[in-house]
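**Student:** One structure, as structure tokens, below. Some questions next.
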Protein chains: 2
Amino acid sequence: MKLTELKAIKLAELFSALSDTSRIRIIAMLMDGEKSVNALAQGLGMTDSAVSHQLRGLRQMHLVRARKAGRQVFYCLDDDHVAKLFHMGLDHVNHG
Amino acid sequence: MKLTELKAIKLAELFSALSDTSRIRIIAMLMDGEKSVNALAQGLGMTDSAVSHQLRGLRQMHLVRARKAGRQVFYCLDDDHVAKLFHMGLDHVNHG
DNA sequence: ATAATATATGAATATCTGTTCATATATTCA
DNA sequence: TGAATATATGAACAGATATTCATATATTAT
């Protein structure tokens, strides 16, 4: 298959965004609907800061989207593309 | 979504396997059919050693499979699951 | 057996990555 | 305005990772 160097880099970046346990768990939580940074941090046993740092990367990859409400920021999955990728990955892991 | 810690780790490992430009390009080449280690190295401008190291990781993740023929080893994608993940990633990158 | 070839592997190194800690920004409340 | 809260950001450090180089293993050919 033909693949420009740029696309190869973009693809690697996309999968990199999913290549960490913390981010995987963030995305899994967001599948139940939007959550604030703190709610995510609480749910995952991480500091707000660590979660915020990770969300930045996910945002840049367009995997999550932010909505500001007062002083909170609620994050949700950017589109169902993300969930599809996630589930397809799970299928592979579950040895499908 | 509920996700055991083990599954989260497995998922992250799977996507990690796709999180590097070299491996992405290896997989892209293998979409055209099986290739020897040296053929991959030539095609990618990498050393045989570097490619071999990466193939080991891809093998352990069950993303590629090896077939030995004489002193050569031919690699191919393990199943079409891999190609599907790859293409779905491309869709996202191509902003679908 | 010896040489040559294809791949694999281990150690070393340079780079990248995730978390922490301190601090900044923004918003609400008193 | 000033205190409190939610999130973001930068620097620094520890741990992971990809490549290189040297070497090992396995197979074929002479």
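Residues in the structure tokens are numbered from 1 in each chain, the chains being A, B, ... in the order shown, and ligands are numbered from 1 in the order shown.
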Could you find all residues in chain B that DSSP calls strand (DSSP E) from the backbone, and write them as a ChimeraX atom specification?

**Tutor:** /B:35-36,64-69,72-77

**Student:** Select residues of chain B: the criterion is any atom within 10 Å of an atom of chain C, counting only C-alpha atoms (C1' of nucleotides); output as a VMD selection string.

**Tutor:** chain B and resid 36 to 38 48 to 49 52 to 53 56 70 to 73

**Student:** Superimpose chain B on chain A so that the squared distances between all in-order C-alpha pairs are minimised, and send the result as a short mmCIF file (atom, residue, chain, number, x, y, z; two decimals) with N, CA and C atoms, in the first residue's frame.

**Tutor:**
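Dumped everything to selection-v3.cif:
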data_model
loop_
_atom_site.label_atom_id
_atom_site.label_comp_id
_atom_site.auth_asym_id
_atom_site.auth_seq_id
_atom_site.Cartn_x
_atom_site.Cartn_y
_atom_site.Cartn_z
N MET B 1 0.83 -1.27 0.04
CA MET B 1 0.00 -0.07 0.03
C MET B 1 0.87 1.19 0.01
N LYS B 2 0.47 2.13 -0.78
CA LYS B 2 1.23 3.38 -0.85
C LYS B 2 0.78 4.28 0.29
N LEU B 3 1.78 4.92 0.91
CA LEU B 3 1.46 5.77 2.06
C LEU B 3 2.50 6.87 2.12
N THR B 4 2.05 8.09 1.99
CA THR B 4 3.02 9.19 2.06
C THR B 4 3.62 9.24 3.46
N GLU B 5 4.81 9.84 3.54
CA GLU B 5 5.46 9.94 4.84
C GLU B 5 4.59 10.73 5.82
N LEU B 6 3.93 11.75 5.32
CA LEU B 6 3.07 12.57 6.18
C LEU B 6 1.94 11.75 6.77
N LYS B 7 1.29 10.95 5.92
CA LYS B 7 0.18 10.12 6.41
C LYS B 7 0.68 9.12 7.43
N ALA B 8 1.85 8.57 7.18
CA ALA B 8 2.42 7.60 8.13
C ALA B 8 2.62 8.27 9.48
N ILE B 9 3.12 9.49 9.46
CA ILE B 9 3.34 10.22 10.71
C ILE B 9 2.01 10.50 11.40
N LYS B 10 1.04 10.94 10.63
CA LYS B 10 -0.28 11.25 11.20
C LYS B 10 -0.91 10.02 11.83
N LEU B 11 -0.80 8.91 11.12
CA LEU B 11 -1.37 7.66 11.63
C LEU B 11 -0.69 7.26 12.93
N ALA B 12 0.63 7.33 12.93
CA ALA B 12 1.37 6.97 14.13
C ALA B 12 0.96 7.88 15.29
N GLU B 13 0.76 9.14 15.00
CA GLU B 13 0.35 10.09 16.05
C GLU B 13 -1.03 9.73 16.59
N LEU B 14 -1.91 9.37 15.66
CA LEU B 14 -3.26 9.00 16.09
C LEU B 14 -3.21 7.81 17.04
N PHE B 15 -2.51 6.76 16.64
CA PHE B 15 -2.45 5.57 17.48
C PHE B 15 -1.65 5.83 18.75
N SER B 16 -0.70 6.73 18.67
CA SER B 16 0.05 7.10 19.87
C SER B 16 -0.90 7.66 20.93
N ALA B 17 -1.88 8.40 20.45
CA ALA B 17 -2.83 9.01 21.37
C ALA B 17 -3.59 7.94 22.14
N LEU B 18 -3.65 6.74 21.59
CA LEU B 18 -4.38 5.65 22.23
C LEU B 18 -3.43 4.63 22.86
N SER B 19 -2.17 4.97 22.90
CA SER B 19 -1.16 3.99 23.29
C SER B 19 -0.77 4.05 24.77
N ASP B 20 -1.61 4.67 25.56
CA ASP B 20 -1.28 4.81 26.97
C ASP B 20 -2.49 4.42 27.83
N THR B 21 -2.22 3.68 28.88
CA THR B 21 -3.30 3.16 29.73
C THR B 21 -4.18 4.28 30.29
N SER B 22 -3.57 5.35 30.72
CA SER B 22 -4.35 6.45 31.28
C SER B 22 -5.33 7.01 30.25
N ARG B 23 -4.82 7.21 29.06
CA ARG B 23 -5.69 7.78 28.02
C ARG B 23 -6.77 6.79 27.61
N ILE B 24 -6.43 5.52 27.56
CA ILE B 24 -7.43 4.50 27.26
C ILE B 24 -8.55 4.54 28.29
N ARG B 25 -8.17 4.67 29.53
CA ARG B 25 -9.19 4.70 30.58
C ARG B 25 -10.01 5.99 30.55
N ILE B 26 -9.37 7.07 30.19
CA ILE B 26 -10.10 8.33 30.03
C ILE B 26 -11.17 8.15 28.95
N ILE B 27 -10.76 7.59 27.84
CA ILE B 27 -11.69 7.40 26.73
C ILE B 27 -12.82 6.45 27.13
N ALA B 28 -12.46 5.40 27.84
CA ALA B 28 -13.49 4.46 28.29
C ALA B 28 -14.52 5.17 29.16
N MET B 29 -14.06 6.04 30.04
CA MET B 29 -14.99 6.79 30.89
C MET B 29 -15.87 7.71 30.07
N LEU B 30 -15.29 8.32 29.06
CA LEU B 30 -16.04 9.28 28.25
C LEU B 30 -17.09 8.59 27.37
N MET B 31 -16.98 7.28 27.26
CA MET B 31 -17.99 6.56 26.48
C MET B 31 -19.35 6.61 27.17
N ASP B 32 -19.33 6.84 28.48
CA ASP B 32 -20.59 6.95 29.22
C ASP B 32 -21.15 8.36 29.17
N GLY B 33 -20.49 9.26 28.46
CA GLY B 33 -20.96 10.63 28.37
C GLY B 33 -19.91 11.60 28.87
N GLU B 34 -20.18 12.88 28.73
CA GLU B 34 -19.15 13.87 29.06
C GLU B 34 -18.87 13.91 30.56
N LYS B 35 -17.64 14.27 30.86
CA LYS B 35 -17.17 14.31 32.26
C LYS B 35 -16.25 15.52 32.43
N SER B 36 -16.28 16.08 33.62
CA SER B 36 -15.36 17.18 33.92
C SER B 36 -13.97 16.61 34.16
N VAL B 37 -12.99 17.47 34.14
CA VAL B 37 -11.62 17.05 34.37
C VAL B 37 -11.50 16.39 35.73
N ASN B 38 -12.09 17.03 36.73
CA ASN B 38 -11.98 16.49 38.08
C ASN B 38 -12.69 15.15 38.20
N ALA B 39 -13.84 15.02 37.56
CA ALA B 39 -14.58 13.74 37.60
C ALA B 39 -13.72 12.63 37.02
N LEU B 40 -13.04 12.93 35.93
CA LEU B 40 -12.15 11.95 35.31
C LEU B 40 -11.01 11.60 36.27
N ALA B 41 -10.42 12.63 36.84
CA ALA B 41 -9.30 12.41 37.75
C ALA B 41 -9.72 11.54 38.92
N GLN B 42 -10.87 11.86 39.51
CA GLN B 42 -11.39 11.07 40.62
C GLN B 42 -11.59 9.63 40.20
N GLY B 43 -12.28 9.47 39.08
CA GLY B 43 -12.60 8.13 38.61
C GLY B 43 -11.37 7.29 38.30
N LEU B 44 -10.29 7.96 37.94
CA LEU B 44 -9.11 7.21 37.52
C LEU B 44 -8.01 7.18 38.58
N GLY B 45 -8.23 7.93 39.67
CA GLY B 45 -7.19 7.97 40.69
C GLY B 45 -5.94 8.67 40.20
N MET B 46 -6.15 9.69 39.38
CA MET B 46 -5.03 10.49 38.90
C MET B 46 -5.19 11.92 39.43
N THR B 47 -4.13 12.69 39.34
CA THR B 47 -4.26 14.10 39.71
C THR B 47 -4.95 14.84 38.58
N ASP B 48 -5.59 15.97 38.93
CA ASP B 48 -6.23 16.80 37.92
C ASP B 48 -5.21 17.19 36.86
N SER B 49 -4.03 17.51 37.33
CA SER B 49 -2.99 17.97 36.42
C SER B 49 -2.62 16.92 35.39
N ALA B 50 -2.39 15.72 35.85
CA ALA B 50 -2.03 14.64 34.93
C ALA B 50 -3.12 14.44 33.90
N VAL B 51 -4.38 14.45 34.36
CA VAL B 51 -5.50 14.26 33.44
C VAL B 51 -5.56 15.40 32.43
N SER B 52 -5.38 16.61 32.93
CA SER B 52 -5.42 17.77 32.05
C SER B 52 -4.35 17.69 30.97
N HIS B 53 -3.18 17.27 31.39
CA HIS B 53 -2.09 17.10 30.41
C HIS B 53 -2.48 16.10 29.33
N GLN B 54 -3.05 15.00 29.73
CA GLN B 54 -3.43 13.97 28.76
C GLN B 54 -4.56 14.44 27.86
N LEU B 55 -5.51 15.17 28.44
CA LEU B 55 -6.64 15.66 27.65
C LEU B 55 -6.16 16.60 26.55
N ARG B 56 -5.14 17.35 26.86
CA ARG B 56 -4.58 18.24 25.85
C ARG B 56 -4.15 17.44 24.61
N GLY B 57 -3.43 16.35 24.84
CA GLY B 57 -3.00 15.52 23.72
C GLY B 57 -4.18 14.95 22.96
N LEU B 58 -5.17 14.47 23.69
CA LEU B 58 -6.35 13.89 23.05
C LEU B 58 -7.11 14.95 22.26
N ARG B 59 -7.13 16.17 22.77
CA ARG B 59 -7.79 17.27 22.08
C ARG B 59 -7.06 17.55 20.76
N GLN B 60 -5.75 17.66 20.85
CA GLN B 60 -4.96 17.97 19.66
C GLN B 60 -5.13 16.91 18.58
N MET B 61 -5.38 15.69 19.00
CA MET B 61 -5.60 14.59 18.06
C MET B 61 -7.06 14.52 17.61
N HIS B 62 -7.87 15.45 18.11
CA HIS B 62 -9.30 15.47 17.80
C HIS B 62 -10.00 14.20 18.23
N LEU B 63 -9.56 13.66 19.34
CA LEU B 63 -10.24 12.48 19.86
C LEU B 63 -11.27 12.88 20.90
N VAL B 64 -11.03 13.99 21.56
CA VAL B 64 -12.03 14.51 22.51
C VAL B 64 -12.28 15.98 22.21
N ARG B 65 -13.38 16.47 22.76
CA ARG B 65 -13.79 17.85 22.55
C ARG B 65 -14.12 18.44 23.92
N ALA B 66 -13.88 19.72 24.08
CA ALA B 66 -14.11 20.37 25.37
C ALA B 66 -15.29 21.33 25.30
N ARG B 67 -16.02 21.39 26.42
CA ARG B 67 -17.14 22.34 26.51
C ARG B 67 -16.99 23.02 27.87
N LYS B 68 -16.88 24.30 27.85
CA LYS B 68 -16.66 25.03 29.10
C LYS B 68 -18.00 25.43 29.70
N ALA B 69 -18.15 25.21 30.99
CA ALA B 69 -19.39 25.57 31.68
C ALA B 69 -18.99 26.11 33.04
N GLY B 70 -19.04 27.41 33.17
CA GLY B 70 -18.58 28.03 34.41
C GLY B 70 -17.10 27.81 34.52
N ARG B 71 -16.68 27.34 35.68
CA ARG B 71 -15.23 27.12 35.77
C ARG B 71 -14.85 25.67 35.49
N GLN B 72 -15.83 24.90 35.15
CA GLN B 72 -15.53 23.51 34.80
C GLN B 72 -15.40 23.37 33.28
N VAL B 73 -14.69 22.33 32.88
CA VAL B 73 -14.61 22.00 31.46
C VAL B 73 -15.03 20.55 31.32
N PHE B 74 -16.03 20.36 30.50
CA PHE B 74 -16.53 19.01 30.29
C PHE B 74 -15.98 18.47 28.98
N TYR B 75 -15.51 17.25 29.06
CA TYR B 75 -14.93 16.61 27.87
C TYR B 75 -15.83 15.48 27.39
N CYS B 76 -15.86 15.33 26.08
CA CYS B 76 -16.58 14.19 25.50
C CYS B 76 -15.79 13.70 24.29
N LEU B 77 -16.13 12.51 23.82
CA LEU B 77 -15.47 11.98 22.63
C LEU B 77 -15.81 12.87 21.45
N ASP B 78 -14.87 13.09 20.59
CA ASP B 78 -15.06 14.03 19.49
C ASP B 78 -16.08 13.52 18.49
N ASP B 79 -16.00 12.25 18.14
CA ASP B 79 -16.99 11.65 17.24
C ASP B 79 -17.02 10.15 17.50
N ASP B 80 -17.92 9.45 16.84
CA ASP B 80 -18.04 8.03 17.14
C ASP B 80 -16.95 7.20 16.46
N HIS B 81 -16.23 7.88 15.57
CA HIS B 81 -15.04 7.28 14.99
C HIS B 81 -14.14 6.72 16.09
N VAL B 82 -13.97 7.53 17.11
CA VAL B 82 -13.10 7.19 18.22
C VAL B 82 -13.58 5.91 18.91
N ALA B 83 -14.86 5.90 19.21
CA ALA B 83 -15.43 4.73 19.88
C ALA B 83 -15.29 3.49 19.00
N LYS B 84 -15.42 3.69 17.69
CA LYS B 84 -15.29 2.55 16.78
C LYS B 84 -13.88 1.98 16.82
N LEU B 85 -12.90 2.87 16.73
CA LEU B 85 -11.50 2.44 16.81
C LEU B 85 -11.27 1.67 18.11
N PHE B 86 -11.79 2.26 19.17
CA PHE B 86 -11.64 1.67 20.49
C PHE B 86 -12.22 0.26 20.53
N HIS B 87 -13.44 0.12 20.05
CA HIS B 87 -14.09 -1.19 20.09
C HIS B 87 -13.41 -2.20 19.18
N MET B 88 -12.94 -1.71 18.05
CA MET B 88 -12.24 -2.62 17.15
C MET B 88 -10.95 -3.11 17.80
N GLY B 89 -10.31 -2.23 18.54
CA GLY B 89 -9.13 -2.63 19.30
C GLY B 89 -9.49 -3.67 20.34
N LEU B 90 -10.59 -3.45 21.03
CA LEU B 90 -11.05 -4.39 22.05
C LEU B 90 -11.30 -5.76 21.44
N ASP B 91 -11.93 -5.77 20.27
CA ASP B 91 -12.19 -7.03 19.59
C ASP B 91 -10.89 -7.81 19.40
N HIS B 92 -9.89 -7.09 18.93
CA HIS B 92 -8.60 -7.75 18.70
C HIS B 92 -8.04 -8.31 20.00
N VAL B 93 -8.10 -7.49 21.04
CA VAL B 93 -7.59 -7.89 22.34
C VAL B 93 -8.35 -9.10 22.88
N ASN B 94 -9.66 -9.07 22.71
CA ASN B 94 -10.50 -10.19 23.16
C ASN B 94 -10.36 -11.37 22.20
N HIS B 95 -9.35 -11.25 21.38
CA HIS B 95 -8.96 -12.30 20.45
C HIS B 95 -10.04 -12.66 19.46
N GLY B 96 -10.71 -11.67 18.94
CA GLY B 96 -11.73 -11.89 17.90
C GLY B 96 -11.07 -12.03 16.55
#

**Student:** Which chain D residues have any atom within 9 Å of an atom of chain A, and for each, what is the nearest pair of atoms with distance in Å to one decimal, counting only C-alpha atoms (C1' of nucleotides), rows sorted by chain and number, as JSON lines?

**Tutor:**
{"residue": "D:DT5", "atom": "C1'", "partner": "A:Arg71", "partner_atom": "CA", "distance": 7.8}
{"residue": "D:DA6", "atom": "C1'", "partner": "A:Arg71", "partner_atom": "CA", "distance": 5.3}
{"residue": "D:DT7", "atom": "C1'", "partner": "A:Gln72", "partner_atom": "CA", "distance": 7.1}
{"residue": "D:DA8", "atom": "C1'", "partner": "A:Ser52", "partner_atom": "CA", "distance": 7.0}
{"residue": "D:DT9", "atom": "C1'", "partner": "A:His53", "partner_atom": "CA", "distance": 8.5}
